[in-house]
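Just below is one structure, and these are the notes that go with it.
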Amino acid sequence: MAPDLTPVPVNPPSLPRPSGYSHGTLSGNTLHLGGQTALDRQMRIVPGGIVEQFRQAFGNLLATLAEVGGLPQDLVSITLYLTDIPDYQAHGKEIGQVWRELAGPVYPAMAGIGTTALWQPEAMIEILGVAVVPDERLVRPAAD
């Protein structure tokens, strides 16, 4: 039987309820992870600089991945949008520690792109990704 490729929105209840977008879209076994900034549950960007914003944004992305049974090792691609590349680079060791804490030693294909601004003016980072979740773990959510 062919996989169901009908796109289904993925919106974990642990994340802010989206309006006009989805946190992720599942098609077959491929999860397209919508850009995640450091928004907390109250729709505020977390304070504390790039390391804490990375922790929150990456945690949001992983929450969406987990909603369909995915694990960090299922990530195949990550794109980081950064408003201050030198600041990110200056905190690279700390950010790497956060990555290993949340995802282990798995590193997908990555790109870092500098930008002048993100959707929320105080956001310093936005993370976009793609994951492929194996059949034996895939949990296909009901369409909204």
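Chain identifiers are assigned as A, B, and so on, following the order in which chains appear in the structure tokens; residues are numbered from 1 within each chain, and ligands are numbered from 1 in order of appearance.
Backbone DSSP of range 65-137 of chain A yields alpha helix (DSSP H) at Leu65, Ala66, Glu67, Ile85, Pro86, Asp87, Tyr88, Gln89, Ala90, Gly92, Lys93, Glu94, Ile95, Gly96, Gln97, Val98, Trp99, Arg100, Glu101, Leu102 and Ala103 of chain A.
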Prev. selection, C-alpha atoms, output as an mmCIF file, in the first residue's frame:
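Output file out_0.cif is given in full below:
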data_model
loop_
_atom_site.group_PDB
_atom_site.id
_atom_site.type_symbol
_atom_site.label_atom_id
_atom_site.label_comp_id
_atom_site.auth_asym_id
_atom_site.auth_seq_id
_atom_site.Cartn_x
_atom_site.Cartn_y
_atom_site.Cartn_z
ATOM 1 C CA LEU A 65 8.953 16.278 15.908
ATOM 2 C CA ALA A 66 8.004 14.247 19.002
ATOM 3 C CA GLU A 67 4.293 14.825 18.296
ATOM 4 C CA ILE A 85 25.909 35.689 13.252
ATOM 5 C CA PRO A 86 28.956 36.891 15.263
ATOM 6 C CA ASP A 87 26.942 36.581 18.517
ATOM 7 C CA TYR A 88 25.904 33.029 17.565
ATOM 8 C CA GLN A 89 29.515 32.147 16.722
ATOM 9 C CA ALA A 90 30.785 33.667 19.975
ATOM 10 C CA GLY A 92 29.048 28.292 19.690
ATOM 11 C CA LYS A 93 30.393 26.095 22.503
ATOM 12 C CA GLU A 94 27.388 26.785 24.724
ATOM 13 C CA ILE A 95 24.962 26.281 21.839
ATOM 14 C CA GLY A 96 26.714 22.998 21.005
ATOM 15 C CA GLN A 97 26.239 21.879 24.619
ATOM 16 C CA VAL A 98 22.531 22.696 24.418
ATOM 17 C CA TRP A 99 22.287 20.761 21.128
ATOM 18 C CA ARG A 100 23.930 17.679 22.665
ATOM 19 C CA GLU A 101 21.726 17.973 25.772
ATOM 20 C CA LEU A 102 18.529 18.059 23.678
ATOM 21 C CA ALA A 103 19.473 15.949 20.637
#
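Neighbouring residues of Gln120 in chain A at 12 Å or closer, counting only C-alpha atoms and skipping chain neighbours under 3 positions away, are Gln36, Thr37, Ala38, Leu39, Met43, Arg44, Ile45, Val46, Thr83, Thr116, Ala117, Ala123, Met124, Ile125 and Glu126 of chain A.
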List every residue of chain A that DSSP, applied to the backbone of this structure, assigns to strand (DSSP E or B), and report them as an MDAnalysis selection string.
chainID A and resid 8:10 24:27 30:36 39 45 75:82 109:114 125:132
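Nearest residue to Leu80 in chain A among A:Gly114, A:Pro12, A:Pro108, A:Pro134 is A:Gly114, counting only C-alpha atoms.
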Can you check which parts of range 111-136 of chain A lie within 9 Å of range 25-35 of chain A? Per residue, the shortest pair of atoms and distance in Å to one decimal, counting only C-alpha atoms, sorted by chain and number, as a Markdown table.
| residue | atom | partner | partner_atom | distance |
| --- | --- | --- | --- | --- |
| A:Glu126 | CA | A:Gly35 | CA | 5.7 |
| A:Ile127 | CA | A:Gly35 | CA | 5.1 |
| A:Leu128 | CA | A:Gly35 | CA | 4.3 |
| A:Gly129 | CA | A:Leu33 | CA | 4.9 |
| A:Val130 | CA | A:His32 | CA | 4.7 |
| A:Ala131 | CA | A:Leu31 | CA | 5.1 |
| A:Val132 | CA | A:Thr30 | CA | 4.5 |
| A:Val133 | CA | A:Asn29 | CA | 5.3 |
| A:Pro134 | CA | A:Asn29 | CA | 6.7 |
| A:Asp135 | CA | A:Asn29 | CA | 7.0 |
Could those selected residues go to a file with N, CA, C and O atoms, as a PDB file, in the first residue's frame?
ATOM      1  N   GLU A 126      15.656  31.771  14.345  1.00  0.00           N
ATOM      2  CA  GLU A 126      14.517  30.967  13.913  1.00  0.00           C
ATOM      3  C   GLU A 126      15.093  29.696  13.303  1.00  0.00           C
ATOM      4  O   GLU A 126      16.062  29.756  12.547  1.00  0.00           O
ATOM      5  N   ILE A 127      14.501  28.562  13.658  1.00  0.00           N
ATOM      6  CA  ILE A 127      15.009  27.265  13.200  1.00  0.00           C
ATOM      7  C   ILE A 127      13.928  26.565  12.384  1.00  0.00           C
ATOM      8  O   ILE A 127      12.802  26.395  12.838  1.00  0.00           O
ATOM      9  N   LEU A 128      14.310  26.143  11.199  1.00  0.00           N
ATOM     10  CA  LEU A 128      13.444  25.449  10.252  1.00  0.00           C
ATOM     11  C   LEU A 128      14.060  24.073  10.028  1.00  0.00           C
ATOM     12  O   LEU A 128      15.286  23.938  10.045  1.00  0.00           O
ATOM     13  N   GLY A 129      13.255  23.045   9.822  1.00  0.00           N
ATOM     14  CA  GLY A 129      13.846  21.726   9.637  1.00  0.00           C
ATOM     15  C   GLY A 129      12.985  20.769   8.842  1.00  0.00           C
ATOM     16  O   GLY A 129      11.810  21.041   8.552  1.00  0.00           O
ATOM     17  N   VAL A 130      13.592  19.655   8.514  1.00  0.00           N
ATOM     18  CA  VAL A 130      12.922  18.543   7.840  1.00  0.00           C
ATOM     19  C   VAL A 130      13.375  17.269   8.540  1.00  0.00           C
ATOM     20  O   VAL A 130      14.555  17.107   8.860  1.00  0.00           O
ATOM     21  N   ALA A 131      12.424  16.361   8.781  1.00  0.00           N
ATOM     22  CA  ALA A 131      12.731  15.070   9.395  1.00  0.00           C
ATOM     23  C   ALA A 131      12.014  13.969   8.626  1.00  0.00           C
ATOM     24  O   ALA A 131      10.958  14.202   8.032  1.00  0.00           O
ATOM     25  N   VAL A 132      12.599  12.787   8.663  1.00  0.00           N
ATOM     26  CA  VAL A 132      11.972  11.597   8.095  1.00  0.00           C
ATOM     27  C   VAL A 132      11.846  10.593   9.233  1.00  0.00           C
ATOM     28  O   VAL A 132      12.852  10.158   9.794  1.00  0.00           O
ATOM     29  N   VAL A 133      10.607  10.261   9.578  1.00  0.00           N
ATOM     30  CA  VAL A 133      10.325   9.396  10.727  1.00  0.00           C
ATOM     31  C   VAL A 133      10.039   7.976  10.226  1.00  0.00           C
ATOM     32  O   VAL A 133       9.185   7.779   9.364  1.00  0.00           O
ATOM     33  N   PRO A 134      10.750   6.961  10.771  1.00  0.00           N
ATOM     34  CA  PRO A 134      10.507   5.581  10.344  1.00  0.00           C
ATOM     35  C   PRO A 134       9.074   5.127  10.638  1.00  0.00           C
ATOM     36  O   PRO A 134       8.463   5.553  11.623  1.00  0.00           O
ATOM     37  N   ASP A 135       8.563   4.251   9.773  1.00  0.00           N
ATOM     38  CA  ASP A 135       7.195   3.735   9.904  1.00  0.00           C
ATOM     39  C   ASP A 135       6.886   3.206  11.295  1.00  0.00           C
ATOM     40  O   ASP A 135       5.799   3.435  11.822  1.00  0.00           O
TER      41      ASP A 135
END
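Among the candidates A:Leu75, A:Gly49, A:Phe58, A:Arg41, the one nearest to Pro13 in chain A when counting only C-alpha atoms is A:Arg41.
The space separating CA of Gly70 in chain A from CA of Glu136 in chain A comes to 10.3 Å.
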Between CA of Gly48 in chain A and CA of Arg17 in chain A lies a distance of 23.6 Å
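CA of Pro9 in chain A is positioned 28.5 Å from CA of Ile50 in chain A.
Considering only C-alpha atoms, the residue among A:Gly69, A:Ala63, A:Arg137, A:Ile113 positioned nearest to Tyr81 in chain A is A:Ile113.
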